[in-house]
Number of protein chains: 2
Amino acid sequence: MTSDLPREDQVPSTDVAEDRSYRIAPDLVRAVEDALDRNEPTDELIAPLHAADVADLFEELGGDSRRQLAHALRGRLDAEVLTHLDESVRSEVVDVLGSSEIASAITELESDDALDVIEDLEDEELAAVLRQLSPSDRILLEEALSWPEDSAGRLMQRDLVTVPPEWSVGGTIDYMRARAAHLPRDFYDIFVVDDAGRPVGFVPLSRLMRNRRPVGIGDIMYTEIHAIPLEMDQEDVALFFRQYGMVTAPVVDGGGRLVGVITVDDIVDVIHDEHEEDLMHLGGVAADDFYHDILKTTRSRFSWLLVNLGTAAIASAAIGFFDAAIEQVVALAILMPIVASMGGNAGTQTLTVAVRALALKELTAANALRIISKEVVVGSINGVLFALLAGALAWAWFGSPIIGAVIGLAMIINLIAAAFSGVAIPLVLERVGVDPAVASAVILTTVTDVIGFVAFLGLAAAALL
Amino acid sequence: MTSDLPREDQVPSTDVAEDRSYRIAPDLVRAVEDALDRNEPTDELIAPLHAADVADLFEELGGDSRRQLAHALRGRLDAEVLTHLDESVRSEVVDVLGSSEIASAITELESDDALDVIEDLEDEELAAVLRQLSPSDRILLEEALSWPEDSAGRLMQRDLVTVPPEWSVGGTIDYMRARAAHLPRDFYDIFVVDDAGRPVGFVPLSRLMRNRRPVGIGDIMYTEIHAIPLEMDQEDVALFFRQYGMVTAPVVDGGGRLVGVITVDDIVDVIHDEHEEDLMHLGGVAADDFYHDILKTTRSRFSWLLVNLGTAAIASAAIGFFDAAIEQVVALAILMPIVASMGGNAGTQTLTVAVRALALKELTAANALRIISKEVVVGSINGVLFALLAGALAWAWFGSPIIGAVIGLAMIINLIAAAFSGVAIPLVLERVGVDPAVASAVILTTVTDVIGFVAFLGLAAAALL
């Protein structure tokens with residue numbers, strides 16, 4: 001939630017979102033940077049900021065100023081700030097703060113936020129933080145850490161309100177008032193469980209509110225509940241929420257017993273992160289590249305470029321087979337990148353659509369054949385159109401109708417191959433358990449380069465020599 | 001929300017999410033397709049499905065079966081199904097159903113869902129639907145349609161509960177019970193407004209619930225509210241929600257008066273759609289390409305490929321300047337794609353990071369210079385590393401240290417140019433008001449192709465001829 005309790009001296013005020021108010025002002029970043037450079041205190045600049053804005057500040061500062069600021073804020077950093085930090089920035093800040101400050105910070109957080117802060121720590125650091133927690137906090141976090149990374153178990157909130165179906169509206173309200181201090185801070189639904197602790201329904205608070213005190217909970221509860229197993233991957237949890245437009249879902253253990261709740265506000269970050277990951281992987285970079293330092297960025301990009309050097313060498317080797325043809329007709333060397341590049345672009349179009357449709361489970365065994373057929377037809381039509389265009393261009397440029405015909409034919413072949421590969425490659429990768437977003441693009445461009453060069457140069461060699 | 005009221009004959013049952021239960025089963029799609037082919041009734045197959053699953057069914061069926069199914073369901077299609085359909089599938093279904101059925105369907109929906117269904121209709125169709133609505137429904141929808149597309153005004157829910165700060169918890173609960181029939185179906189917060197109708201705070205229902213009846217609303221309300229102007233773009237609204245981890249935000253008009261509310265479950269779809277759009281645009285395809293028919297897909301992809309043919313021709317023209325060099329040293333033709341392709345890949349890495357950082361407002365005027373410097377340093381380091389690798393490869397392949405040196409030098413030049421362009425191109429496009437996700441990639445690869453070919457062939461011509 002967004003806010004603290006109003007203090008008595010605080011006049012309620014409405015803050016209407018201005019153009020950039022969802023991100024910290026550049027001037028303020030510079031002012032803090034200057035103050036840190038001059039070793040002046042930054043408290044006056046930082047005090048009025050929301051925790052999310054302090055997190056932005058950390059993210060926008062360079063590495064040195066970032067560590068300086070963390071030092072300056074030691075002992076009084078708002079724990080909420082940690083939850084808003086990007087993963088790689090957080091690990092820098094945590095390094096500076098040290099395990100005892102982290103331990104005291106996370107005791108102030110709700111269980112899922114606390115987990116968020118510590119789950120990416122190094123093993124040693126994690127152990128040091130856990131040692132400094134109270135036994136009850138420690139056990140709770142250790143149990144949560146036992147669920148697979150990115151699973152529903154890591155995502156869920158453990159604090160929730162449950163009642164048996166026999167209770168009345170009035171009894172439930174009295175129960176909550178009596179336990180006010182022990183309730184979760186904000187919640188939207190009350191879960192109804194049977195004797196074995198299995199969820200049988202839920203009642204949104206607004207529904208509880210509009211019914212009179214004697215009404216039975218069992219009579220007003222919604223019974224169509226979609227329970228989520230503890231091990232379910234968060235990407236699937238998000239799909240599930242989007243599919244059924246859900247606001248709340250109970251999480252159950254192997255025995256079907258209610259162990260936690262996931263609310264739609266947890267899903268917002270999951271959807272964002274999962275999309276971001278796919279998009280970054282399609283572009284050949286790590287998901288949080290933007291906040292990595294130069295060495296880390298260079299290293300992770302190097303690996304990807306190394307793979308690409310390999311595929312470029314394969315394409316060059318394919319050209320090498322036709323050196324005699326190029327030596328005699330230099331126009332071939334000039335035109336050959338066109339067919340390869342058009343194939344690469346057309347294939348990337350198909351691939352982008354296929355990778356997304358796979359991630360959203362829209363491309364399935366049931367419609368794979370239909371989608372491949374559609375793509376091949378689209379590829380064929382565009383192949384013929386671009387054969388005519390590129391053929392005419394080559395003919396006009398080099399005055400040779402044969403070269404025009406050759407580039408046209410090669411174009412048709414490569415665009416059909418690109419369309420087929422654009423769906424087939426991610427489908428096969430998914431089937432063998434490789435993330436299609438990571439590996440598809442490099443395989444595809446190898447295919448379209450090699451087919452593009454071989455089709456064009458091979459046909460030319462046959463026709464001209 | 002997910003559910004209807006329990007009927008008396010309905011036994012509460014828990015549906016634990018299975019592997020694929022967030023998407024309709026392929027077998028069921030085939031069964032419906034077969035039934036439609038044989039002109040048999042599909043009711044028994046469809047009756048048990050959730051509205052979201054019926055929507056999936058429409059999406060997975062081919063165009064013909066899709067229209068057949070819409071025909072079969074005329075007069076008894078659950079209005080909820082329409083809200084779950086992908087835009088281009090929805091317009092097909094709406095065509096078959098006709099304006100009077102759409103009009104009666106949308107009266108069953110909440111105001112924001114109804115708007116969702118009709119806002120993409122053709123003008124004539126929209127007018128026909130509006131004519132058949134009750135005056136009050138029509139005025140409400142017409143007013144909502146007057147807000148810009150994708151604005152907060154289109155996104156918000158108009159039904160909300162407001163109370164003055166002087167009221168007590170008990171009075172508020174009594175007021176809600178008395179007005180039970182007129183309340184929104186499910187809501188999470190009560191808004192507190194002043195005499196002029198401006199929001200001054202809000203009270204989550206869970207907070208209302210845990211306080212005793214005499215407590216004053218003004219004493220328990222949260223006052224740090226982030227109000228959203230009616231015209232704010234939905235992408236900015238989503239950033240705002242993510243930034244402050246909000247669950248609810250009031251929407252205000254020019255006078256600061258409360259006119260509606262946006263809740264986080266509306267934001268889930270916005271985040272998904274905006275990401276999807278960026279990712280698809282980076283791949284050179286329309287956002288809803290997957291559900292377009294062959295003609296529409298071919299046409300939209302053709303335009304993009306045509307632009308790419310133009311840029312490929314420019315790259316070929318650049319090669320053309322060096323035909324004499326290629327004629328004498330055919331190894332140049334064989335090696336030249338390597339430098340261009342490595343530049344394209346390295347540039348795409350930088351570009352992907354920059355486009356995302358721009359969209360999330362993480363790349364700003366305040367840090368642009370720092371990010372460009374970082375990218376150029378990363379490009380330089382990788383440039384030197386790949387200069388050594390590619391140089392050694394070329395030397396070994398063709399036995400010429402000069403060719404090795406030339407490809408190495410060209411590699412350094414192109415990777416630095418790629419790094420600079422990868423940030424500079426989207427920054428400039430954003431500044432001049434062009435969507436960087438759409439146009440950046442094609443400009444970038446033109447730059448890296450031309451610089452790659454010219455640097456390699458130009459240096460080779462100077463060194464070898």
# chains A, B, ... in the order shown; residues from 1 in each chain; ligands from 1

$ residues_around --residues "stretch 74-84 of chain A" --least-positions-apart "4" --cutoff "6 Å" --atoms "only C-alpha atoms" --output "list of chain:residue names"
A:Ala51, A:Ala52, A:Ala55, A:Ala105

$ select_by_dssp --residues "stretch 46-160 of chain A" --states "helix (DSSP H, G or I)" --output "PyMOL selection string"
chain A and resi 46+51-60+63-72+79-84+87-97+99-106+111-118+123-131+135-145+152-155

$ residues_around --residues "A:Asp293" --least-positions-apart "2" --cutoff "10 Å" --atoms "only C-alpha atoms" --output "ChimeraX atom specification"
/A:62-63,88-89,289-291,295-298 /B:374,378

$ write_last_selection --atoms "C-alpha atoms" --output "PDB file, in the first residue's frame"
ATOM      1  CA  GLY A  62      26.733   6.186 -10.678  1.00  0.00           C
ATOM      2  CA  GLY A  63      28.441   3.344  -8.789  1.00  0.00           C
ATOM      3  CA  SER A  88      21.863  -5.642  -9.080  1.00  0.00           C
ATOM      4  CA  VAL A  89      21.690  -2.196  -7.441  1.00  0.00           C
ATOM      5  CA  ASP A 289      21.835  -5.159 -18.008  1.00  0.00           C
ATOM      6  CA  PHE A 290      20.947  -1.471 -17.594  1.00  0.00           C
ATOM      7  CA  TYR A 291      22.196  -1.374 -13.986  1.00  0.00           C
ATOM      8  CA  LEU A 295      32.754  -5.164 -16.560  1.00  0.00           C
ATOM      9  CA  LYS A 296      29.620  -7.205 -15.907  1.00  0.00           C
ATOM     10  CA  THR A 297      27.879  -5.800 -18.988  1.00  0.00           C
ATOM     11  CA  THR A 298      30.926  -6.374 -21.186  1.00  0.00           C
TER      12      THR A 298
ATOM     13  CA  LYS B 374      29.260   3.272 -20.556  1.00  0.00           C
ATOM     14  CA  VAL B 378      31.735  -1.630 -23.395  1.00  0.00           C
TER      15      VAL B 378
END

$ select_by_dssp --residues "stretch 244-328 of chain B" --states "strand (DSSP E or B)" --output "list in words"
Thr248, Ala249, Pro250, Val251, Val252, Leu258, Val259, Gly260, Val261, Ile262 and Thr263 of chain B

$ write_last_selection --atoms "N, CA and C atoms" --output "mmCIF file, in the first residue's frame"
data_model
loop_
_atom_site.group_PDB
_atom_site.id
_atom_site.type_symbol
_atom_site.label_atom_id
_atom_site.label_comp_id
_atom_site.auth_asym_id
_atom_site.auth_seq_id
_atom_site.Cartn_x
_atom_site.Cartn_y
_atom_site.Cartn_z
ATOM 1 N N THR B 248 -4.934 1.048 -5.499
ATOM 2 C CA THR B 248 -6.059 1.872 -5.925
ATOM 3 C C THR B 248 -5.567 3.298 -6.145
ATOM 4 N N ALA B 249 -6.076 3.976 -7.167
ATOM 5 C CA ALA B 249 -5.764 5.395 -7.302
ATOM 6 C C ALA B 249 -7.013 6.136 -7.754
ATOM 7 N N PRO B 250 -7.279 7.292 -7.142
ATOM 8 C CA PRO B 250 -8.423 8.090 -7.565
ATOM 9 C C PRO B 250 -8.090 8.845 -8.855
ATOM 10 N N VAL B 251 -9.096 8.980 -9.724
ATOM 11 C CA VAL B 251 -8.917 9.769 -10.943
ATOM 12 C C VAL B 251 -9.653 11.088 -10.747
ATOM 13 N N VAL B 252 -8.993 12.195 -11.077
ATOM 14 C CA VAL B 252 -9.593 13.507 -10.840
ATOM 15 C C VAL B 252 -9.706 14.301 -12.136
ATOM 16 N N LEU B 258 -12.947 14.222 -7.636
ATOM 17 C CA LEU B 258 -12.908 12.771 -7.825
ATOM 18 C C LEU B 258 -13.977 12.330 -8.835
ATOM 19 N N VAL B 259 -13.563 11.677 -9.926
ATOM 20 C CA VAL B 259 -14.545 11.235 -10.922
ATOM 21 C C VAL B 259 -14.533 9.726 -11.154
ATOM 22 N N GLY B 260 -13.526 9.028 -10.624
ATOM 23 C CA GLY B 260 -13.488 7.583 -10.831
ATOM 24 C C GLY B 260 -12.321 6.982 -10.095
ATOM 25 N N VAL B 261 -12.155 5.683 -10.267
ATOM 26 C CA VAL B 261 -11.080 5.011 -9.560
ATOM 27 C C VAL B 261 -10.452 3.969 -10.481
ATOM 28 N N ILE B 262 -9.139 3.858 -10.421
ATOM 29 C CA ILE B 262 -8.441 2.812 -11.163
ATOM 30 C C ILE B 262 -7.874 1.845 -10.141
ATOM 31 N N THR B 263 -8.114 0.541 -10.343
ATOM 32 C CA THR B 263 -7.561 -0.436 -9.409
ATOM 33 C C THR B 263 -6.493 -1.264 -10.119
#

$ atom_distance --atom1 "atom CA of A:Glu33" --atom2 "atom CA of A:Arg67"
11.5 Å

$ residues_around --residues "B:Gly284" --least-positions-apart "6" --cutoff "12 Å" --atoms "only C-alpha atoms" --output "VMD selection string"
(chain A and resid 344 to 353) or (chain B and resid 277 to 278 297 300 to 308 437 to 442)

$ residues_around --residues "B:Leu140" --least-positions-apart "6" --cutoff "12 Å" --atoms "only C-alpha atoms" --output "tab-separated table (two decimals) with C-alpha atoms, in the first residue's frame"
chain	number	residue	atom	x	y	z
B	107	THR	CA	-25.77	-3.56	-20.55
B	110	GLU	CA	-19.52	-2.98	-15.74
B	111	SER	CA	-18.82	0.41	-17.29
B	112	ASP	CA	-15.11	-0.10	-17.98
B	114	ALA	CA	-18.50	-2.23	-21.69
B	115	LEU	CA	-16.21	0.52	-22.91
B	130	LEU	CA	-25.34	3.30	-28.82
B	133	LEU	CA	-28.96	1.53	-25.24
B	134	SER	CA	-30.97	3.19	-22.49
B	146	SER	CA	-14.85	11.52	-25.13
B	147	TRP	CA	-11.58	10.87	-23.24
B	153	GLY	CA	-10.55	8.29	-18.31
B	154	ARG	CA	-11.09	5.20	-20.45
B	157	GLN	CA	-14.33	2.53	-13.03
B	158	ARG	CA	-17.00	5.20	-12.40
B	159	ASP	CA	-18.85	3.42	-9.61

$ residues_around --residues "A:Gly254" --least-positions-apart "4" --cutoff "10 Å" --atoms "only C-alpha atoms" --output "ChimeraX atom specification"
/A:229-231,258

$ write_last_selection --atoms "C-alpha atoms" --output "tab-separated table (two decimals), in the first residue's frame"
chain	number	residue	atom	x	y	z
A	229	PRO	CA	-0.15	-25.11	-6.07
A	230	LEU	CA	2.91	-23.97	-4.11
A	231	GLU	CA	5.36	-25.05	-6.81
A	258	LEU	CA	-4.60	-23.28	2.30

$ closest_residue --among "B:Ala333, B:Leu57, B:Ala325, B:Val270" --to "chain A" --atoms "only C-alpha atoms"
B:Ala333

$ residues_around --residues "A:Tyr244" --least-positions-apart "3" --cutoff "12 Å" --atoms "only C-alpha atoms" --output "count of residues only"
35
